[in-house]
file model03.cif (mmCIF, C-alpha atoms)
data_data
loop_
_atom_site.label_atom_id
_atom_site.label_comp_id
_atom_site.auth_asym_id
_atom_site.auth_seq_id
_atom_site.Cartn_x
_atom_site.Cartn_y
_atom_site.Cartn_z
CA MET A 843 65.48 125.05 87.72
CA SER A 844 63.89 121.62 87.16
CA ARG A 845 66.71 120.54 84.87
CA LYS A 846 69.31 121.64 87.40
CA LYS A 847 67.47 119.82 90.16
CA GLN A 848 67.30 116.67 88.04
CA GLN A 849 71.06 116.74 87.45
CA THR A 850 71.71 117.16 91.17
CA THR A 851 69.46 114.23 92.01
CA LYS A 852 71.35 112.03 89.60
CA PHE A 853 74.67 113.05 91.09
CA ILE A 854 73.74 112.36 94.74
CA THR A 855 71.26 109.55 95.29
CA LYS A 856 69.77 108.61 98.65
CA ASP A 857 72.13 105.66 99.02
CA ILE A 858 75.19 107.78 98.22
CA LEU A 859 74.01 110.50 100.60
CA LYS A 860 73.48 108.01 103.44
CA SER A 861 76.85 106.30 102.96
CA SER A 862 78.60 109.66 102.61
CA VAL A 863 77.23 110.96 105.92
CA ILE A 864 78.34 107.78 107.69
CA GLY A 865 81.73 107.94 105.96
CA ALA A 866 82.19 111.59 106.98
CA PHE A 867 81.94 110.64 110.66
CA LYS A 868 84.20 107.60 110.23
CA LYS A 869 86.89 109.79 108.67
CA LEU A 870 87.09 111.84 111.89
CA ASP A 871 89.53 109.19 113.12
CA PRO A 872 92.83 111.05 113.79
CA ARG A 873 94.77 108.23 112.11
CA TYR A 874 92.94 108.98 108.89
CA MET A 875 93.03 112.76 109.31
CA LEU A 876 96.84 112.64 109.58
CA LYS A 877 96.92 111.97 105.83
CA ASN A 878 95.64 115.51 105.35
CA PRO A 879 97.80 117.75 107.61
CA VAL A 880 95.72 120.89 107.02
CA MET A 881 92.46 119.29 108.13
CA PHE A 882 94.25 117.51 110.97
CA VAL A 883 95.23 120.92 112.37
CA VAL A 884 91.57 121.99 112.15
CA GLU A 885 90.49 118.83 113.97
CA VAL A 886 93.04 119.43 116.75
CA GLY A 887 91.66 122.97 117.09
CA PHE A 888 88.15 121.51 117.33
CA VAL A 889 89.20 119.17 120.14
CA ILE A 890 90.77 122.04 122.12
CA THR A 891 87.72 124.30 121.78
CA PHE A 892 85.44 121.35 122.62
CA VAL A 893 87.30 120.92 125.92
CA LEU A 894 87.03 124.67 126.53
CA CYS A 895 83.23 124.40 126.23
CA PHE A 896 83.23 122.49 129.54
CA MET A 897 86.24 124.22 131.12
CA PRO A 898 86.30 127.82 129.87
CA ASN A 899 88.96 128.84 132.39
CA LEU A 900 91.37 126.02 131.47
CA PHE A 901 93.91 128.49 130.08
CA GLY A 902 92.88 131.33 132.42
CA ASP A 903 90.73 133.11 129.81
CA VAL A 904 87.99 134.08 132.32
CA THR A 905 90.44 135.38 134.92
CA ALA A 906 92.59 137.30 132.43
CA SER A 907 89.71 138.85 130.49
CA GLY A 908 88.17 140.46 133.54
CA GLY A 909 84.89 141.74 132.09
CA ILE A 910 83.81 138.54 130.29
CA SER A 911 81.67 136.15 132.32
CA GLU A 912 82.27 132.41 132.30
CA GLY A 913 78.84 131.77 130.72
CA ALA A 914 79.46 134.19 127.85
CA LEU A 915 82.89 132.68 127.19
CA ARG A 916 81.41 129.17 127.23
CA THR A 917 78.79 130.22 124.66
CA TYR A 918 81.51 131.75 122.49
CA ASN A 919 83.58 128.54 122.69
CA ILE A 920 80.54 126.45 121.73
CA ILE A 921 79.95 128.57 118.60
CA VAL A 922 83.61 128.26 117.53
CA THR A 923 83.53 124.51 118.21
CA LEU A 924 80.43 124.02 116.04
CA ILE A 925 81.96 125.96 113.15
CA LEU A 926 85.20 123.95 113.30
CA PHE A 927 83.28 120.68 113.51
CA ILE A 928 81.16 121.57 110.48
CA THR A 929 84.33 122.52 108.57
CA VAL A 930 86.00 119.16 109.21
CA LEU A 931 82.79 117.23 108.61
CA PHE A 932 82.11 119.00 105.30
CA ALA A 933 85.61 118.18 104.01
CA ASN A 934 85.11 114.53 104.92
CA PHE A 935 81.62 114.55 103.41
CA ALA A 936 82.89 115.91 100.07
CA GLU A 937 85.49 113.14 99.90
CA SER A 938 82.92 110.50 100.89
CA VAL A 939 80.54 111.65 98.14
CA ALA A 940 83.29 111.32 95.54
CA GLU A 941 84.17 107.86 96.85
CA GLY A 942 80.49 106.90 96.94
CA ARG A 943 80.09 107.67 93.25
CA GLY A 944 82.85 105.18 92.39
CA LYS A 945 81.38 102.54 94.71
CA ALA A 946 77.96 103.07 93.11
CA GLN A 947 79.45 102.21 89.70
CA ALA A 948 80.79 98.93 91.08
CA GLU A 949 77.47 98.15 92.78
CA THR A 950 75.63 98.76 89.49
CA LEU A 951 77.88 96.26 87.73
CA LYS A 952 77.38 93.76 90.56
CA LYS A 953 73.60 94.21 90.40
CA THR A 954 73.66 93.64 86.63
CA LYS A 955 75.44 90.35 87.12
CA LYS A 956 73.36 89.28 90.14
CA ASP A 957 69.96 90.01 88.58
CA THR A 958 70.69 88.35 85.23
CA VAL A 959 68.76 85.10 84.68
CA ALA A 960 70.32 82.45 82.43
CA HIS A 961 68.33 79.94 80.36
CA LEU A 962 70.42 76.79 80.87
CA VAL A 963 70.04 74.20 78.10
CA LEU A 964 69.86 70.70 79.60
CA PRO A 965 71.17 67.55 77.83
CA ASP A 966 67.64 66.55 76.82
CA GLY A 967 67.11 69.91 75.10
CA SER A 968 64.85 71.42 77.73
CA GLU A 969 65.58 74.74 79.47
CA ARG A 970 65.92 75.69 83.13
CA ASP A 971 66.23 79.25 84.49
CA ILE A 972 69.08 79.75 86.95
CA PRO A 973 70.95 82.85 88.27
CA ALA A 974 73.87 83.85 86.06
CA CYS A 975 76.27 83.60 89.01
CA ASP A 976 75.54 79.82 89.23
CA LEU A 977 76.78 79.10 85.71
CA LYS A 978 79.88 76.94 85.34
CA LYS A 979 82.40 76.58 82.57
CA GLY A 980 81.04 74.35 79.83
CA ASP A 981 77.34 75.08 80.43
CA VAL A 982 75.27 75.93 77.36
CA VAL A 983 72.69 78.72 77.59
CA ILE A 984 70.29 80.22 75.08
CA VAL A 985 69.94 83.99 74.87
CA ARG A 986 67.04 85.55 73.01
CA ILE A 987 66.29 89.08 71.79
CA ASN A 988 66.56 91.88 74.39
CA GLU A 989 68.17 89.52 76.94
CA LEU A 990 71.56 89.93 78.62
CA ILE A 991 74.29 87.41 77.89
CA PRO A 992 74.89 85.92 81.36
CA ASN A 993 78.62 85.22 81.12
CA ASP A 994 81.61 85.12 78.78
CA GLY A 995 81.48 82.32 76.23
CA GLU A 996 81.59 81.08 72.65
CA VAL A 997 78.64 80.98 70.26
CA VAL A 998 77.91 77.36 69.31
CA GLU A 999 74.69 77.93 67.38
CA GLY A 1000 72.77 80.84 65.90
CA ILE A 1001 73.60 84.30 64.62
CA ALA A 1002 72.53 87.61 66.16
CA SER A 1003 73.39 91.27 66.63
CA VAL A 1004 74.81 92.09 70.05
CA ASP A 1005 74.93 95.51 71.70
CA GLU A 1006 78.34 95.70 73.43
CA SER A 1007 78.29 99.43 74.18
CA ALA A 1008 78.01 98.90 77.96
CA ILE A 1009 81.25 96.90 78.03
CA THR A 1010 83.43 97.86 75.06
CA GLY A 1011 81.94 101.22 74.07
CA GLU A 1012 81.15 99.93 70.55
CA SER A 1013 78.54 102.37 69.27
CA ALA A 1014 76.78 100.01 66.83
CA PRO A 1015 75.62 96.42 67.44
CA VAL A 1016 78.06 93.77 66.21
CA THR A 1017 77.27 90.42 64.62
CA ARG A 1018 78.11 87.29 66.57
CA GLU A 1019 77.99 83.80 65.05
CA SER A 1020 79.56 80.39 65.54
CA GLY A 1021 83.04 79.91 64.07
CA GLY A 1022 85.64 82.50 63.07
CA ASP A 1023 86.82 85.52 65.02
CA PHE A 1024 83.32 86.74 65.87
CA SER A 1025 82.11 83.86 68.00
CA SER A 1026 83.18 85.22 71.39
CA VAL A 1027 80.62 87.05 73.50
CA THR A 1028 80.99 88.97 76.74
CA GLY A 1029 78.78 88.75 79.80
CA GLY A 1030 76.65 91.83 80.38
CA THR A 1031 76.07 92.57 76.67
CA THR A 1032 72.59 92.52 75.14
CA VAL A 1033 71.25 90.49 72.20
CA VAL A 1034 69.25 92.90 70.02
CA SER A 1035 68.11 90.48 67.31
CA ASP A 1036 67.47 86.75 66.84
CA TRP A 1037 69.02 84.30 69.34
CA LEU A 1038 72.29 82.63 70.30
CA LYS A 1039 73.35 79.43 72.00
CA VAL A 1040 76.42 80.20 74.06
CA GLN A 1041 78.84 77.78 75.72
CA ILE A 1042 80.16 79.38 78.89
CA ALA A 1043 83.96 79.73 78.76
CA ALA A 1044 84.68 81.45 82.11
CA GLU A 1045 84.61 80.08 85.64
CA PRO A 1046 82.48 81.94 88.23
CA GLY A 1047 84.27 85.13 89.30
CA GLU A 1048 86.64 85.17 86.31
CA SER A 1049 84.47 86.81 83.65
CA PHE A 1050 85.23 90.11 81.99
CA LEU A 1051 82.47 91.77 84.04
CA ASP A 1052 84.01 90.43 87.27
CA LYS A 1053 87.37 91.87 86.26
CA MET A 1054 85.76 95.24 85.53
CA ILE A 1055 84.17 95.24 89.00
CA ALA A 1056 87.53 94.42 90.55
CA LEU A 1057 89.19 97.26 88.64
CA VAL A 1058 86.56 99.80 89.74
CA GLU A 1059 86.73 98.70 93.37
CA GLY A 1060 90.51 98.48 93.41
CA ALA A 1061 91.24 101.78 91.67
CA SER A 1062 93.99 103.30 93.81
CA ARG A 1063 94.11 106.86 95.02
CA GLN A 1064 97.73 107.56 94.15
CA LYS A 1065 98.63 111.19 94.60
CA THR A 1066 99.54 112.92 91.37
CA PRO A 1067 102.74 115.01 91.05
CA ASN A 1068 100.73 118.23 91.00
CA GLU A 1069 98.74 117.10 94.04
CA ILE A 1070 101.93 116.29 95.94
CA ALA A 1071 103.41 119.68 95.08
CA LEU A 1072 100.22 121.50 96.09
CA ASN A 1073 99.98 119.51 99.32
CA THR A 1074 103.57 120.47 100.17
CA LEU A 1075 102.72 124.13 99.59
CA LEU A 1076 99.63 123.88 101.80
CA VAL A 1077 101.63 122.25 104.61
CA GLY A 1078 104.27 124.98 104.34
CA LEU A 1079 101.64 127.72 104.56
CA THR A 1080 100.02 125.98 107.53
CA ILE A 1081 103.31 125.85 109.44
CA ILE A 1082 104.03 129.52 108.71
CA PHE A 1083 100.63 130.67 109.95
CA MET A 1084 100.88 128.46 113.03
CA ILE A 1085 104.16 130.18 113.90
CA VAL A 1086 102.49 133.57 113.39
CA ILE A 1087 99.57 132.66 115.70
CA VAL A 1088 101.85 131.22 118.39
CA ALA A 1089 103.98 134.40 118.29
CA LEU A 1090 100.89 136.60 118.42
CA TYR A 1091 99.90 135.45 121.91
CA PRO A 1092 103.03 136.62 123.81
CA PHE A 1093 102.99 139.93 121.89
CA ALA A 1094 99.38 140.46 122.96
CA VAL A 1095 100.20 139.62 126.61
CA TYR A 1096 103.17 142.02 126.54
CA SER A 1097 100.87 144.75 125.19
CA GLY A 1098 98.34 144.12 127.98
CA ILE A 1099 95.73 142.61 125.64
CA HIS A 1100 94.22 139.20 126.34
CA ILE A 1101 93.12 137.07 123.38
CA PRO A 1102 91.00 133.98 124.20
CA ILE A 1103 92.46 130.67 123.01
CA ALA A 1104 89.31 129.96 120.99
CA THR A 1105 89.82 133.22 119.10
CA LEU A 1106 93.42 132.29 118.25
CA ILE A 1107 92.30 128.87 116.99
CA ALA A 1108 89.53 130.43 114.89
CA LEU A 1109 92.02 132.94 113.46
CA MET A 1110 94.45 130.16 112.58
CA VAL A 1111 91.76 128.15 110.78
CA CYS A 1112 90.83 131.24 108.78
CA LEU A 1113 94.47 131.89 107.79
CA ILE A 1114 95.57 128.38 106.80
CA PRO A 1115 94.35 127.05 103.38
CA THR A 1116 91.49 125.05 104.91
CA THR A 1117 89.18 125.02 101.88
CA ILE A 1118 91.82 123.81 99.41
CA GLY A 1119 93.13 121.25 101.88
CA GLY A 1120 89.64 119.93 102.57
CA LEU A 1121 88.65 119.52 98.93
CA LEU A 1122 91.99 118.41 97.47
CA SER A 1123 91.46 114.66 97.88
CA ALA A 1124 87.80 114.96 96.84
CA ILE A 1125 88.83 116.62 93.58
CA GLY A 1126 91.16 113.74 92.74
CA ILE A 1127 88.51 111.09 93.38
CA ALA A 1128 85.90 113.11 91.48
CA GLY A 1129 88.17 113.11 88.43
CA MET A 1130 88.39 109.31 88.49
CA ASP A 1131 84.62 109.07 88.91
CA ARG A 1132 83.96 111.44 86.00
CA VAL A 1133 85.75 109.22 83.48
CA THR A 1134 84.06 106.12 84.98
CA ARG A 1135 80.68 107.59 84.01
CA PHE A 1136 81.88 107.44 80.38
CA ASN A 1137 82.72 103.71 80.73
CA VAL A 1138 86.43 104.44 81.15
CA ILE A 1139 88.19 102.90 84.14
CA ALA A 1140 90.92 105.10 85.63
CA MET A 1141 93.32 103.11 87.80
CA SER A 1142 94.62 106.21 89.55
CA GLY A 1143 94.31 109.97 89.73
CA LYS A 1144 97.74 110.19 88.13
CA ALA A 1145 96.34 108.60 84.96
CA VAL A 1146 93.49 111.12 84.87
CA GLU A 1147 95.90 114.02 85.26
CA ALA A 1148 98.13 112.64 82.49
CA CYS A 1149 95.12 112.51 80.15
CA GLY A 1150 94.71 116.25 80.64
CA ASP A 1151 98.02 116.78 78.81
CA VAL A 1152 97.01 114.66 75.79
CA ASP A 1153 96.49 116.64 72.56
CA THR A 1154 96.20 113.77 70.04
CA MET A 1155 94.82 110.26 70.50
CA ILE A 1156 95.51 107.44 68.03
CA LEU A 1157 93.02 104.55 68.02
CA ASP A 1158 94.25 101.13 66.91
CA LYS A 1159 90.80 99.48 66.87
CA THR A 1160 89.02 100.48 63.67
CA GLY A 1161 85.78 98.81 64.75
CA THR A 1162 84.98 101.71 67.04
CA ILE A 1163 85.13 104.31 64.26
CA THR A 1164 83.72 102.41 61.24
CA PHE A 1165 80.38 100.87 60.33
CA GLY A 1166 81.72 97.31 60.45
CA ASN A 1167 81.49 96.76 56.65
CA ARG A 1168 85.18 96.01 56.05
CA LEU A 1169 84.71 93.90 52.88
CA ALA A 1170 87.02 93.24 49.94
CA ALA A 1171 86.24 95.53 46.99
CA ASP A 1172 88.97 94.83 44.41
CA PHE A 1173 92.38 93.20 43.80
CA TYR A 1174 95.35 95.51 43.16
CA PRO A 1175 98.46 93.54 42.19
CA VAL A 1176 102.00 94.87 42.48
CA LYS A 1177 104.40 95.00 39.53
CA GLY A 1178 105.25 91.55 38.13
CA VAL A 1179 102.07 89.85 39.45
CA THR A 1180 98.88 89.41 37.44
CA VAL A 1181 95.42 89.95 38.83
CA ARG A 1182 94.66 86.23 38.28
CA GLU A 1183 97.68 85.18 40.36
CA LEU A 1184 96.78 87.60 43.13
CA MET A 1185 93.21 86.29 43.27
CA GLU A 1186 94.33 82.64 43.39
CA TYR A 1187 96.82 83.20 46.21
CA SER A 1188 94.35 85.38 48.09
CA VAL A 1189 91.69 82.68 47.84
CA LEU A 1190 94.11 79.99 49.06
CA ALA A 1191 94.96 82.15 52.06
CA SER A 1192 91.31 82.91 52.84
CA LEU A 1193 89.51 79.59 52.30
CA GLU A 1194 89.80 78.65 55.98
CA ASP A 1195 89.26 82.22 57.22
CA GLY A 1196 85.85 82.43 58.89
CA THR A 1197 85.93 86.20 59.41
CA PRO A 1198 83.75 88.55 57.30
CA GLU A 1199 86.92 89.91 55.68
CA GLY A 1200 88.12 86.44 54.66
CA LYS A 1201 84.71 85.40 53.39
CA SER A 1202 84.42 88.60 51.36
CA ILE A 1203 87.75 87.88 49.61
CA VAL A 1204 86.57 84.44 48.53
CA GLU A 1205 83.19 85.83 47.43
CA LEU A 1206 84.78 88.64 45.41
CA ALA A 1207 87.16 86.20 43.68
CA ARG A 1208 84.24 83.93 42.81
CA LYS A 1209 82.39 86.84 41.20
CA MET A 1210 85.50 87.71 39.19
CA GLY A 1211 85.80 84.16 37.83
CA ALA A 1212 88.55 82.70 40.01
CA VAL A 1213 88.47 79.08 41.20
CA THR A 1214 87.36 79.17 44.83
CA GLU A 1215 87.01 75.44 45.56
CA LYS A 1216 89.53 73.54 47.70
CA LYS A 1217 91.95 71.43 45.64
CA CYS A 1218 93.40 68.08 46.72
CA CYS A 1219 96.99 67.47 45.70
CA GLY A 1220 97.96 63.81 45.30
#
call {"tool": "encode", "arguments": {"input": "model03.cif", "output": "structure tokens"}}
result
Amino acid sequence: MSRKKQQTTKFITKDILKSSVIGAFKKLDPRYMLKNPVMFVVEVGFVITFVLCFMPNLFGDVTASGGISEGALRTYNIIVTLILFITVLFANFAESVAEGRGKAQAETLKKTKKDTVAHLVLPDGSERDIPACDLKKGDVVIVRINELIPNDGEVVEGIASVDESAITGESAPVTRESGGDFSSVTGGTTVVSDWLKVQIAAEPGESFLDKMIALVEGASRQKTPNEIALNTLLVGLTIIFMIVIVALYPFAVYSGIHIPIATLIALMVCLIPTTIGGLLSAIGIAGMDRVTRFNVIAMSGKAVEACGDVDTMILDKTGTITFGNRLAADFYPVKGVTVRELMEYSVLASLEDGTPEGKSIVELARKMGAVTEKKCCG
């Protein structure tokens, strides 16, 4: 029970709950409800029964029923009105909760950026602490162990291991040093060993973290093909049942039976696919939020649905599935080329390569006796 309660608390925080309740009432706007025809019909029924709470005899229900008093009919209309209102409000609340989860992800990223303090290195070598959002392109900052890198930049001094799992999903810390292909660092990542001096390379609002926030906030709610097809079916069923209810009233009058308008509205809400219509949009948003929790940004519900049909995934970035020790181990020449020739050409191609792979080729050739010094041709 405690574990289940803990999971629920994580899913709906106080902030999400508060914003979802407010959002549920805001979504009662008929202009918004028109996007969901099924729930719009329920809302129209709520409005009619709400009016009947004050004017029970508006459609002649008291006069035609005979034995039912106006007070009893008013009480009955109030009960139906409350049930319809709760139905509409719950559908809006479910959608607001799903939206709130996505907004919470963006707010977390914003808070990470806002709360990060940068140690700005001044021209005289001293340091001054400033908010990361005040950094400008060209500023030099120093980042020590267990500190967040404040913004995107290039390493100008030092060597350290950087945990990039929060941004790139890289499971193991990667080495960052000045020069070569491993000098770039991303804002929001954490230095887990030693220290780095980083020259900021991004203007305020243009960092990788800013772009991630923009993607999360701007993720569109495009309807998927299956959602469009299901929505069409729900609308069709709603129209059919509305025709049935409308035809039921004259048949009842012809048979000498009077059915209160509130009863017909309640019957219609029970017949039409209210539950599916109310939760359809929430399900789509929840799918986008679910992948966001795994550090994957879904630009639309259509993309999430397409992923459900994927059987095989091919990764083109080996760094995510290896230990990072991609070093040269041996030279294997093709036919007609000696090992010595292969080593010499490999060294010439790798002397200016600052990557670990390039350095390992030169080091391996040196161990095998090849000349690894630069030659000057005159």
call {"tool": "residues_around", "arguments": {"input": "model03.cif", "residues": "stretch 1028-1044 of chain A", "least_positions_apart": "4", "cutoff": "6 Å", "atoms": "only C-alpha atoms", "output": "ChimeraX atom specification"}}
result
/A:979-1000,1002-1006,1048-1049
call {"tool": "atom_distance", "arguments": {"input": "model03.cif", "atom1": "atom CA of A:Lys868", "atom2": "atom CA of A:Asn934"}}
result
8.8 Å
call {"tool": "axis_aligned_box", "arguments": {"input": "model03.cif", "around": "stretch 1094-1108 of chain A", "padding_each_side": "4 Å", "output": "JSON"}}
result
{"center_x": 96.2, "center_y": 136.8, "center_z": 121.4, "size_x": 21.9, "size_y": 23.9, "size_z": 21.1}
call {"tool": "resolve_selection", "arguments": {"input": "model03.cif", "expression": "the PyMOL selection byres ((chain A and resi 1176-1189) around 8)", "output": "list in words"}}
result
Phe1173, Tyr1174, Pro1175, Leu1190, Ala1191, Ser1192, Leu1193, Ile1203, Val1204, Ala1207, Ala1212, Val1213 and Thr1214 of chain A
call {"tool": "residues_near_point", "arguments": {"input": "model03.cif", "point": "(83.3, 103.3, 107.1)", "cutoff": "12 Å", "atoms": "only C-alpha atoms", "output": "number ranges by chain"}}
result
A: 860-871, 874, 934-935, 938, 941-942
call {"tool": "atom_distance", "arguments": {"input": "model03.cif", "atom1": "atom CA of A:Phe901", "atom2": "atom CA of A:Pro872"}}
result
23.9 Å
call {"tool": "decode", "arguments": {"input": "model03.cif", "residues": "stretch 863-879 of chain A", "atoms": "N, CA and C atoms", "output": "short mmCIF file (atom, residue, chain, number, x, y, z; two decimals), in the first residue's frame"}}
result
data_model
loop_
_atom_site.label_atom_id
_atom_site.label_comp_id
_atom_site.auth_asym_id
_atom_site.auth_seq_id
_atom_site.Cartn_x
_atom_site.Cartn_y
_atom_site.Cartn_z
N VAL A 863 -6.96 21.39 -11.54
CA VAL A 863 -8.31 21.79 -11.12
C VAL A 863 -8.70 23.10 -11.79
N ILE A 864 -7.76 24.06 -11.81
CA ILE A 864 -8.04 25.34 -12.48
C ILE A 864 -8.25 25.13 -13.98
N GLY A 865 -7.40 24.28 -14.58
CA GLY A 865 -7.54 24.01 -16.01
C GLY A 865 -8.84 23.31 -16.36
N ALA A 866 -9.33 22.44 -15.44
CA ALA A 866 -10.60 21.74 -15.69
C ALA A 866 -11.76 22.72 -15.81
N PHE A 867 -11.76 23.76 -14.98
CA PHE A 867 -12.83 24.76 -15.06
C PHE A 867 -12.66 25.66 -16.29
N LYS A 868 -11.42 25.97 -16.65
CA LYS A 868 -11.19 26.80 -17.84
C LYS A 868 -11.64 26.09 -19.11
N LYS A 869 -11.49 24.76 -19.13
CA LYS A 869 -11.87 24.00 -20.33
C LYS A 869 -13.38 23.86 -20.50
N LEU A 870 -14.17 24.39 -19.55
CA LEU A 870 -15.63 24.36 -19.70
C LEU A 870 -16.11 25.34 -20.76
N ASP A 871 -15.20 26.17 -21.26
CA ASP A 871 -15.54 27.10 -22.34
C ASP A 871 -16.08 26.32 -23.54
N PRO A 872 -17.30 26.65 -24.00
CA PRO A 872 -17.89 25.91 -25.14
C PRO A 872 -17.01 25.91 -26.37
N ARG A 873 -16.23 26.96 -26.58
CA ARG A 873 -15.35 27.01 -27.76
C ARG A 873 -14.28 25.92 -27.69
N TYR A 874 -13.85 25.60 -26.48
CA TYR A 874 -12.89 24.51 -26.32
C TYR A 874 -13.59 23.16 -26.38
N MET A 875 -14.76 23.07 -25.76
CA MET A 875 -15.49 21.80 -25.72
C MET A 875 -15.94 21.34 -27.09
N LEU A 876 -16.07 22.27 -28.04
CA LEU A 876 -16.47 21.89 -29.41
C LEU A 876 -15.46 20.95 -30.06
N LYS A 877 -14.20 21.00 -29.59
CA LYS A 877 -13.18 20.11 -30.15
C LYS A 877 -13.46 18.65 -29.81
N ASN A 878 -14.25 18.43 -28.77
CA ASN A 878 -14.63 17.08 -28.37
C ASN A 878 -16.16 16.99 -28.43
N PRO A 879 -16.72 16.59 -29.59
CA PRO A 879 -18.18 16.62 -29.77
C PRO A 879 -18.95 15.84 -28.72
#
